[in-house]
$ cat upload_39.pdb   # PDB, C-alpha atoms
ATOM      1  CA  MET K   1     125.597  93.527  59.257
ATOM      2  CA  ARG K   2     124.831  90.228  60.939
ATOM      3  CA  TRP K   3     121.647  91.218  62.764
ATOM      4  CA  PHE K   4     120.757  87.703  63.812
ATOM      5  CA  TRP K   5     124.124  87.313  65.509
ATOM      6  CA  TYR K   6     122.792  89.516  68.298
ATOM      7  CA  ALA K   7     119.418  87.745  68.385
ATOM      8  CA  SER K   8     121.122  85.149  70.562
ATOM      9  CA  PRO K   9     120.879  86.159  74.236
ATOM     10  CA  GLN K  10     124.408  84.939  74.960
ATOM     11  CA  THR K  11     126.036  87.112  72.312
ATOM     12  CA  PHE K  12     123.797  90.074  73.170
ATOM     13  CA  PHE K  13     124.711  89.913  76.878
ATOM     14  CA  PRO K  14     128.062  91.807  76.764
ATOM     15  CA  LEU K  15     126.704  94.303  74.196
ATOM     16  CA  ALA K  16     123.778  95.081  76.522
ATOM     17  CA  GLY K  17     126.278  95.881  79.280
ATOM     18  CA  THR K  18     128.212  98.291  77.061
ATOM     19  CA  ILE K  19     125.011 100.023  75.873
ATOM     20  CA  ALA K  20     123.732 100.294  79.472
ATOM     21  CA  ARG K  21     126.970 101.942  80.633
ATOM     22  CA  TRP K  22     127.148 104.572  77.887
ATOM     23  CA  CYS K  23     123.436 105.365  77.896
ATOM     24  CA  GLY K  24     123.560 105.687  81.684
ATOM     25  CA  ILE K  25     126.398 108.218  81.453
ATOM     26  CA  ALA K  26     124.586 110.101  78.662
ATOM     27  CA  ALA K  27     121.368 110.159  80.740
ATOM     28  CA  ALA K  28     123.162 111.688  83.743
ATOM     29  CA  LEU K  29     124.845 114.378  81.629
ATOM     30  CA  LEU K  30     121.663 115.231  79.713
ATOM     31  CA  ALA K  31     119.627 115.382  82.933
ATOM     32  CA  ALA K  32     122.168 117.802  84.442
ATOM     33  CA  VAL K  33     121.943 120.068  81.381
ATOM     34  CA  GLY K  34     118.156 119.725  81.160
ATOM     35  CA  LEU K  35     117.629 120.562  84.836
ATOM     36  CA  TYR K  36     119.968 123.540  84.551
ATOM     37  CA  ILE K  37     117.969 124.891  81.599
ATOM     38  CA  GLY K  38     114.682 124.041  83.309
ATOM     39  CA  PHE K  39     115.436 125.833  86.561
ATOM     40  CA  PHE K  40     117.976 128.551  85.713
ATOM     41  CA  VAL K  41     117.616 129.462  82.031
ATOM     42  CA  ALA K  42     113.907 129.070  81.251
ATOM     43  CA  PRO K  43     111.927 132.121  82.447
ATOM     44  CA  THR K  44     108.982 132.076  84.855
ATOM     45  CA  ASP K  45     105.735 131.407  82.999
ATOM     46  CA  ALA K  46     103.461 134.449  82.782
ATOM     47  CA  GLN K  47     100.296 132.469  83.569
ATOM     48  CA  GLN K  48     101.418 129.472  85.622
ATOM     49  CA  GLY K  49     104.304 131.011  87.567
ATOM     50  CA  GLU K  50     106.935 128.503  88.752
ATOM     51  CA  ALA K  51     104.453 125.603  88.781
ATOM     52  CA  TYR K  52     104.963 125.120  85.046
ATOM     53  CA  ARG K  53     108.521 123.808  85.722
ATOM     54  CA  ILE K  54     106.850 120.452  86.403
ATOM     55  CA  ILE K  55     106.353 120.037  82.641
ATOM     56  CA  PHE K  56     110.123 119.479  82.215
ATOM     57  CA  ILE K  57     109.563 116.032  83.690
ATOM     58  CA  HIS K  58     105.835 115.570  83.099
ATOM     59  CA  VAL K  59     105.832 115.808  79.296
ATOM     60  CA  PRO K  60     109.016 113.726  78.715
ATOM     61  CA  ALA K  61     107.744 111.067  81.163
ATOM     62  CA  ALA K  62     104.384 110.914  79.358
ATOM     63  CA  TRP K  63     106.166 110.599  76.005
ATOM     64  CA  MET K  64     108.360 107.788  77.364
ATOM     65  CA  SER K  65     105.363 105.946  78.829
ATOM     66  CA  MET K  66     103.822 105.703  75.343
ATOM     67  CA  LEU K  67     107.061 105.153  73.417
ATOM     68  CA  ILE K  68     108.233 102.346  75.709
ATOM     69  CA  TYR K  69     104.866 100.626  75.297
ATOM     70  CA  VAL K  70     105.135 100.715  71.504
ATOM     71  CA  VAL K  71     108.722  99.407  71.616
ATOM     72  CA  MET K  72     107.701  96.710  74.109
ATOM     73  CA  ALA K  73     104.778  95.599  71.932
ATOM     74  CA  SER K  74     107.041  95.610  68.857
ATOM     75  CA  TRP K  75     109.534  93.292  70.571
ATOM     76  CA  ALA K  76     106.627  91.110  71.687
ATOM     77  CA  ALA K  77     105.244  90.956  68.129
ATOM     78  CA  LEU K  78     108.692  90.164  66.745
ATOM     79  CA  GLY K  79     108.964  87.337  69.263
ATOM     80  CA  LEU K  80     105.623  85.909  68.166
ATOM     81  CA  ALA K  81     106.506  86.182  64.477
ATOM     82  CA  LEU K  82     110.097  84.918  64.515
ATOM     83  CA  ASN K  83     110.051  82.902  67.740
ATOM     84  CA  THR K  84     113.325  84.513  68.832
ATOM     85  CA  ARG K  85     114.100  84.130  72.542
ATOM     86  CA  LEU K  86     115.651  87.555  73.020
ATOM     87  CA  SER K  87     112.513  89.383  71.808
ATOM     88  CA  GLY K  88     110.387  88.229  74.731
ATOM     89  CA  MET K  89     113.209  89.062  77.119
ATOM     90  CA  MET K  90     113.441  92.597  75.697
ATOM     91  CA  ALA K  91     109.685  93.076  76.092
ATOM     92  CA  SER K  92     109.859  91.928  79.726
ATOM     93  CA  ALA K  93     112.867  94.159  80.347
ATOM     94  CA  LEU K  94     110.996  97.250  79.137
ATOM     95  CA  ALA K  95     107.719  96.771  81.029
ATOM     96  CA  PRO K  96     108.745  97.896  84.568
ATOM     97  CA  THR K  97     110.502 101.033  83.266
ATOM     98  CA  GLY K  98     107.458 101.829  81.121
ATOM     99  CA  ALA K  99     105.162 101.413  84.105
ATOM    100  CA  LEU K 100     107.460 103.649  86.153
ATOM    101  CA  PHE K 101     107.304 106.483  83.608
ATOM    102  CA  THR K 102     103.520 106.064  83.361
ATOM    103  CA  PHE K 103     103.281 106.480  87.137
ATOM    104  CA  ILE K 104     105.618 109.506  87.020
ATOM    105  CA  ALA K 105     103.491 111.080  84.253
ATOM    106  CA  LEU K 106     100.321 110.585  86.321
ATOM    107  CA  TRP K 107     101.911 111.776  89.572
ATOM    108  CA  THR K 108     103.540 114.915  88.157
ATOM    109  CA  GLY K 109     100.371 115.589  86.157
ATOM    110  CA  ALA K 110      98.337 115.541  89.361
ATOM    111  CA  LEU K 111     100.760 117.916  91.096
ATOM    112  CA  TRP K 112     100.682 120.201  88.060
ATOM    113  CA  GLY K 113      96.896 119.994  87.774
ATOM    114  CA  ARG K 114      96.207 121.102  91.344
ATOM    115  CA  PRO K 115      97.633 124.662  91.051
ATOM    116  CA  THR K 116      96.724 125.008  87.360
ATOM    117  CA  TRP K 117      93.284 123.387  87.060
ATOM    118  CA  GLY K 118      92.393 123.481  90.763
ATOM    119  CA  THR K 119      92.237 119.693  91.099
ATOM    120  CA  TYR K 120      94.684 116.785  91.414
ATOM    121  CA  TRP K 121      92.571 114.358  89.442
ATOM    122  CA  VAL K 122      89.438 114.273  87.307
ATOM    123  CA  TRP K 123      87.586 111.020  86.741
ATOM    124  CA  GLY K 124      86.364 111.087  83.181
ATOM    125  CA  ASP K 125      89.073 113.178  81.567
ATOM    126  CA  ALA K 126      89.970 111.275  78.397
ATOM    127  CA  ARG K 127      93.741 111.870  78.632
ATOM    128  CA  LEU K 128      93.933 110.970  82.323
ATOM    129  CA  MET K 129      91.792 107.848  81.917
ATOM    130  CA  SER K 130      93.682 106.488  78.900
ATOM    131  CA  GLU K 131      97.032 107.087  80.654
ATOM    132  CA  LEU K 132      95.707 105.257  83.722
ATOM    133  CA  ILE K 133      94.645 102.365  81.462
ATOM    134  CA  LEU K 134      98.227 102.352  80.118
ATOM    135  CA  LEU K 135      99.495 101.812  83.673
ATOM    136  CA  PHE K 136      97.091  98.876  84.078
ATOM    137  CA  LEU K 137      98.235  97.437  80.728
ATOM    138  CA  TYR K 138     101.845  97.453  81.965
ATOM    139  CA  PHE K 139     100.735  95.825  85.253
ATOM    140  CA  GLY K 140      98.652  93.289  83.340
ATOM    141  CA  PHE K 141     101.601  92.447  81.079
ATOM    142  CA  MET K 142     103.922  91.883  84.051
ATOM    143  CA  ALA K 143     101.322  89.953  86.078
ATOM    144  CA  LEU K 144     100.473  87.676  83.157
ATOM    145  CA  ARG K 145     104.152  86.951  82.466
ATOM    146  CA  ALA K 146     104.754  86.204  86.129
ATOM    147  CA  SER K 147     101.740  83.892  86.400
ATOM    148  CA  ILE K 148     102.967  81.415  83.750
ATOM    149  CA  ASP K 149     105.893  79.188  84.701
ATOM    150  CA  ASP K 150     107.184  78.240  81.255
ATOM    151  CA  PRO K 151     109.037  81.378  80.050
ATOM    152  CA  ARG K 152     108.340  80.772  76.338
ATOM    153  CA  ARG K 153     104.605  80.315  76.919
ATOM    154  CA  ALA K 154     104.603  83.323  79.247
ATOM    155  CA  ASP K 155     106.272  85.380  76.519
ATOM    156  CA  ARG K 156     103.637  84.413  73.958
ATOM    157  CA  ALA K 157     100.657  85.072  76.225
ATOM    158  CA  ALA K 158     102.047  88.418  77.400
ATOM    159  CA  ALA K 159     102.896  89.328  73.792
ATOM    160  CA  LEU K 160      99.239  88.956  72.789
ATOM    161  CA  LEU K 161      98.161  91.235  75.633
ATOM    162  CA  ALA K 162     100.834  93.806  74.703
ATOM    163  CA  ILE K 163      99.793  93.818  71.033
ATOM    164  CA  VAL K 164      96.079  94.215  71.796
ATOM    165  CA  GLY K 165      96.921  97.044  74.222
ATOM    166  CA  VAL K 166      98.632  99.076  71.482
ATOM    167  CA  VAL K 167      95.131 100.323  70.563
ATOM    168  CA  ASN K 168      95.340 102.483  73.675
ATOM    169  CA  ILE K 169      98.377 104.449  72.435
ATOM    170  CA  PRO K 170      96.627 106.460  69.651
ATOM    171  CA  ILE K 171      93.721 106.911  72.071
ATOM    172  CA  ILE K 172      96.081 108.584  74.583
ATOM    173  CA  TYR K 173      97.743 110.629  71.859
ATOM    174  CA  TYR K 174      94.549 111.902  70.218
ATOM    175  CA  SER K 175      92.410 111.972  73.381
ATOM    176  CA  VAL K 176      92.803 115.739  73.724
ATOM    177  CA  GLN K 177      91.448 116.206  70.183
ATOM    178  CA  TRP K 178      88.729 113.543  70.173
ATOM    179  CA  TRP K 179      87.253 114.459  73.548
ATOM    180  CA  ASN K 180      87.184 118.037  74.663
ATOM    181  CA  THR K 181      87.789 117.301  78.346
ATOM    182  CA  LEU K 182      90.026 119.080  80.850
ATOM    183  CA  HIS K 183      93.527 118.163  79.646
ATOM    184  CA  GLN K 184      94.713 120.787  77.145
ATOM    185  CA  GLY K 185      95.962 120.097  73.634
ATOM    186  CA  ALA K 186      99.568 119.396  72.715
ATOM    187  CA  SER K 187     102.056 122.211  73.302
ATOM    188  CA  VAL K 188     104.527 120.537  70.972
ATOM    189  CA  SER K 189     103.647 118.739  67.758
ATOM    190  CA  LEU K 190     105.472 117.654  64.650
ATOM    191  CA  THR K 191     103.173 119.617  62.350
ATOM    192  CA  ALA K 192     102.915 123.021  64.041
ATOM    193  CA  ALA K 193     105.242 125.596  65.579
ATOM    194  CA  PRO K 194     105.638 124.994  69.342
ATOM    195  CA  LYS K 195     103.434 127.147  71.580
ATOM    196  CA  MET K 196     106.120 127.958  74.134
ATOM    197  CA  ALA K 197     109.361 129.908  74.596
ATOM    198  CA  ALA K 198     112.437 128.440  72.895
ATOM    199  CA  THR K 199     114.330 127.893  76.183
ATOM    200  CA  MET K 200     111.340 126.052  77.682
ATOM    201  CA  LEU K 201     111.136 123.814  74.619
ATOM    202  CA  THR K 202     114.904 123.173  74.692
ATOM    203  CA  GLY K 203     114.761 122.206  78.369
ATOM    204  CA  MET K 204     111.900 119.825  77.723
ATOM    205  CA  LEU K 205     113.592 118.173  74.732
ATOM    206  CA  VAL K 206     116.880 117.724  76.617
ATOM    207  CA  MET K 207     114.986 116.112  79.507
ATOM    208  CA  ALA K 208     113.172 113.881  76.998
ATOM    209  CA  LEU K 209     116.561 112.752  75.626
ATOM    210  CA  ALA K 210     117.787 112.121  79.192
ATOM    211  CA  PHE K 211     114.731 109.935  79.947
ATOM    212  CA  TRP K 212     115.247 108.157  76.630
ATOM    213  CA  MET K 213     118.868 107.336  77.493
ATOM    214  CA  TYR K 214     117.850 106.329  81.027
ATOM    215  CA  SER K 215     115.185 103.957  79.686
ATOM    216  CA  ILE K 216     117.625 102.266  77.312
ATOM    217  CA  ALA K 217     120.167 101.873  80.121
ATOM    218  CA  ALA K 218     117.562 100.463  82.530
ATOM    219  CA  ALA K 219     116.151  98.039  79.954
ATOM    220  CA  MET K 220     119.637  96.818  78.975
ATOM    221  CA  LEU K 221     120.620  96.299  82.602
ATOM    222  CA  ARG K 222     117.381  94.396  83.252
ATOM    223  CA  VAL K 223     117.680  92.248  80.134
ATOM    224  CA  ARG K 224     121.134  91.142  81.309
ATOM    225  CA  SER K 225     119.636  89.876  84.571
ATOM    226  CA  ILE K 226     116.793  88.180  82.675
ATOM    227  CA  ILE K 227     119.266  86.457  80.316
ATOM    228  CA  ARG K 228     121.301  85.162  83.256
ATOM    229  CA  GLU K 229     118.257  84.115  85.278
ATOM    230  CA  ARG K 230     116.764  82.171  82.355
ATOM    231  CA  ALA K 231     120.032  80.570  81.265
TER     232      ALA K 231
ATOM    233  CA  MET T   1     118.384 130.305  97.836
ATOM    234  CA  SER T   2     115.243 130.192 100.001
ATOM    235  CA  GLU T   3     113.474 132.097  97.253
ATOM    236  CA  PHE T   4     114.534 129.420  94.800
ATOM    237  CA  LEU T   5     113.287 126.674  97.126
ATOM    238  CA  ALA T   6     109.972 128.466  97.618
ATOM    239  CA  MET T   7     109.247 128.243  93.859
ATOM    240  CA  GLY T   8     106.951 131.239  94.044
ATOM    241  CA  GLY T   9     104.634 129.445  96.467
ATOM    242  CA  TYR T  10     104.517 126.243  94.403
ATOM    243  CA  ALA T  11     107.219 124.413  96.383
ATOM    244  CA  TRP T  12     105.082 121.334  97.239
ATOM    245  CA  TYR T  13     103.956 120.877  93.646
ATOM    246  CA  VAL T  14     107.351 121.417  92.001
ATOM    247  CA  TRP T  15     109.527 119.601  94.566
ATOM    248  CA  GLY T  16     106.852 116.944  95.090
ATOM    249  CA  SER T  17     107.076 116.190  91.380
ATOM    250  CA  TYR T  18     110.861 116.275  91.093
ATOM    251  CA  GLY T  19     111.393 114.496  94.422
ATOM    252  CA  VAL T  20     109.122 111.547  93.659
ATOM    253  CA  THR T  21     110.518 111.244  90.113
ATOM    254  CA  PHE T  22     114.096 111.217  91.431
ATOM    255  CA  LEU T  23     113.177 108.700  94.138
ATOM    256  CA  CYS T  24     111.455 106.389  91.620
ATOM    257  CA  LEU T  25     114.442 106.370  89.287
ATOM    258  CA  LEU T  26     116.852 105.929  92.213
ATOM    259  CA  ILE T  27     114.910 102.912  93.519
ATOM    260  CA  GLU T  28     114.837 101.356  90.039
ATOM    261  CA  ILE T  29     118.604 101.835  89.649
ATOM    262  CA  VAL T  30     119.313 100.273  93.073
ATOM    263  CA  VAL T  31     116.997  97.310  92.361
ATOM    264  CA  LEU T  32     118.614  96.766  88.942
ATOM    265  CA  LEU T  33     122.180  96.940  90.248
ATOM    266  CA  LYS T  34     121.365  94.571  93.130
ATOM    267  CA  ARG T  35     119.776  92.108  90.689
ATOM    268  CA  GLU T  36     122.798  92.403  88.390
ATOM    269  CA  ALA T  37     125.174  91.731  91.297
ATOM    270  CA  LYS T  38     123.168  88.784  92.633
ATOM    271  CA  THR T  39     122.796  86.691  89.484
TER     272      THR T  39
END
$ encode --input "upload_39.pdb" --output "structure tokens"
Amino acid sequence: MRWFWYASPQTFFPLAGTIARWCGIAAALLAAVGLYIGFFVAPTDAQQGEAYRIIFIHVPAAWMSMLIYVVMASWAALGLALNTRLSGMMASALAPTGALFTFIALWTGALWGRPTWGTYWVWGDARLMSELILLFLYFGFMALRASIDDPRRADRAAALLAIVGVVNIPIIYYSVQWWNTLHQGASVSLTAAPKMAATMLTGMLVMALAFWMYSIAAAMLRVRSIIRERA
Amino acid sequence: MSEFLAMGGYAWYVWGSYGVTFLCLLIEIVVLLKREAKT
């Protein structure tokens, strides 16, 4: 396959439109299925009652906030290494959607925390703090890009910030193990059997796929605008 | 139906979460489509 063919923004432009359309449709369908499972199939939780239904968006949003950051930093690093124009554009296209999912993770976490922990927010909880830092990293990335007029220089400066900020991702992920603060450990991991009912897990995974498709669609739509604006 | 909306007393927490999430995504979609149409 001719990978570098699509490294040119002009040839990538129509492909981005096609990907955005299909991922958008997939996101809508998956969200409909995920919400149906989340509200009508998954049973009421024995301990948390109906409040636990927040996790169907909270956990997938938190996953996306970290995943998008890693993908964004990877594009940024690729741009630094190969000096390809599209890489910086992809990184910029991902940042606002990543910030949005970080905010959603924090917001839904607060609304879940109040009935479950008895508080909306705890200063000093390792998971909450590192996720908040992630939000500031996204803001910092976007602010730095916006503050430099020359797009290529802006891309390089923002790329450095994005790459340094990757350190925060394992800190978020392992925060619940390294520091024994309020946020509980993972309910789902790759190495252990999930600690929840199968229908709850299915609902959460379908919602995660929906958010994944949504993020791709949003980033592709945004990169099209960036390509046209910088042309 | 009203029982469903009540969410066992957790209506504010559940619908506050889903509502804000939906609103955020909706705003992003509108902003993106406007930007796409403008350029």
$ interface_residues --input "upload_39.pdb" --of "chain K" --to "chain T" --cutoff "8 Å" --atoms "only C-alpha atoms" --output "count of residues only"
20
$ resolve_selection --input "upload_39.pdb" --expression "the PyMOL selection byres ((chain K and resi 211) around 9)" --output "JSON, numbers by chain"
{"K": [27, 30, 31, 57, 60, 61, 64, 101, 206, 207, 208, 209, 210, 212, 213, 214, 215, 216]}
$ atom_distance --input "upload_39.pdb" --atom1 "atom CA of Pro9 of chain K" --atom2 "atom CA of Ile227 of chain K"
6.3 Å
$ resolve_selection --input "upload_39.pdb" --expression "the PyMOL selection byres ((chain K and resi 96) around 10)" --output "PyMOL selection string"
(chain K and resi 68+91-95+97-102+138-139+141-142+218-219+222) or (chain T and resi 28)
$ write_last_selection --input "upload_39.pdb" --atoms "C-alpha atoms" --output "PDB file, in the coordinates of the input"
ATOM      1  CA  ILE K  68     108.233 102.346  75.709  1.00  0.00           C
ATOM      2  CA  ALA K  91     109.685  93.076  76.092  1.00  0.00           C
ATOM      3  CA  SER K  92     109.859  91.928  79.726  1.00  0.00           C
ATOM      4  CA  ALA K  93     112.867  94.159  80.347  1.00  0.00           C
ATOM      5  CA  LEU K  94     110.996  97.250  79.137  1.00  0.00           C
ATOM      6  CA  ALA K  95     107.719  96.771  81.029  1.00  0.00           C
ATOM      7  CA  THR K  97     110.502 101.033  83.266  1.00  0.00           C
ATOM      8  CA  GLY K  98     107.458 101.829  81.121  1.00  0.00           C
ATOM      9  CA  ALA K  99     105.162 101.413  84.105  1.00  0.00           C
ATOM     10  CA  LEU K 100     107.460 103.649  86.153  1.00  0.00           C
ATOM     11  CA  PHE K 101     107.304 106.483  83.608  1.00  0.00           C
ATOM     12  CA  THR K 102     103.520 106.064  83.361  1.00  0.00           C
ATOM     13  CA  TYR K 138     101.845  97.453  81.965  1.00  0.00           C
ATOM     14  CA  PHE K 139     100.735  95.825  85.253  1.00  0.00           C
ATOM     15  CA  PHE K 141     101.601  92.447  81.079  1.00  0.00           C
ATOM     16  CA  MET K 142     103.922  91.883  84.051  1.00  0.00           C
ATOM     17  CA  ALA K 218     117.562 100.463  82.530  1.00  0.00           C
ATOM     18  CA  ALA K 219     116.151  98.039  79.954  1.00  0.00           C
ATOM     19  CA  ARG K 222     117.381  94.396  83.252  1.00  0.00           C
TER      20      ARG K 222
ATOM     21  CA  GLU T  28     114.837 101.356  90.039  1.00  0.00           C
TER      22      GLU T  28
END
$ residues_around --input "upload_39.pdb" --residues "Leu160 of chain K" --least-positions-apart "2" --cutoff "10 Å" --atoms "all atoms listed in the file" --output "ChimeraX atom specification"
/K:73,76-77,80,141,155-158,162-165
$ atom_distance --input "upload_39.pdb" --atom1 "atom CA of Leu134 of chain K" --atom2 "atom CA of Leu67 of chain K"
11.4 Å
$ resolve_selection --input "upload_39.pdb" --expression "the PyMOL selection byres ((chain K and resi 168-179) around 6)" --output "list of chain:residue names"
K:Ala126, K:Arg127, K:Ser130, K:Gly165, K:Val166, K:Val167, K:Asn180, K:Thr181, K:Gly185
$ atom_distance --input "upload_39.pdb" --atom1 "atom CA of Ser147 of chain K" --atom2 "atom CA of Trp63 of chain K"
29.0 Å
$ closest_residue --input "upload_39.pdb" --among "K:Met90, K:Ala143, K:Ala186, K:Met200" --to "Ser74 of chain K" --atoms "only C-alpha atoms"
K:Met90
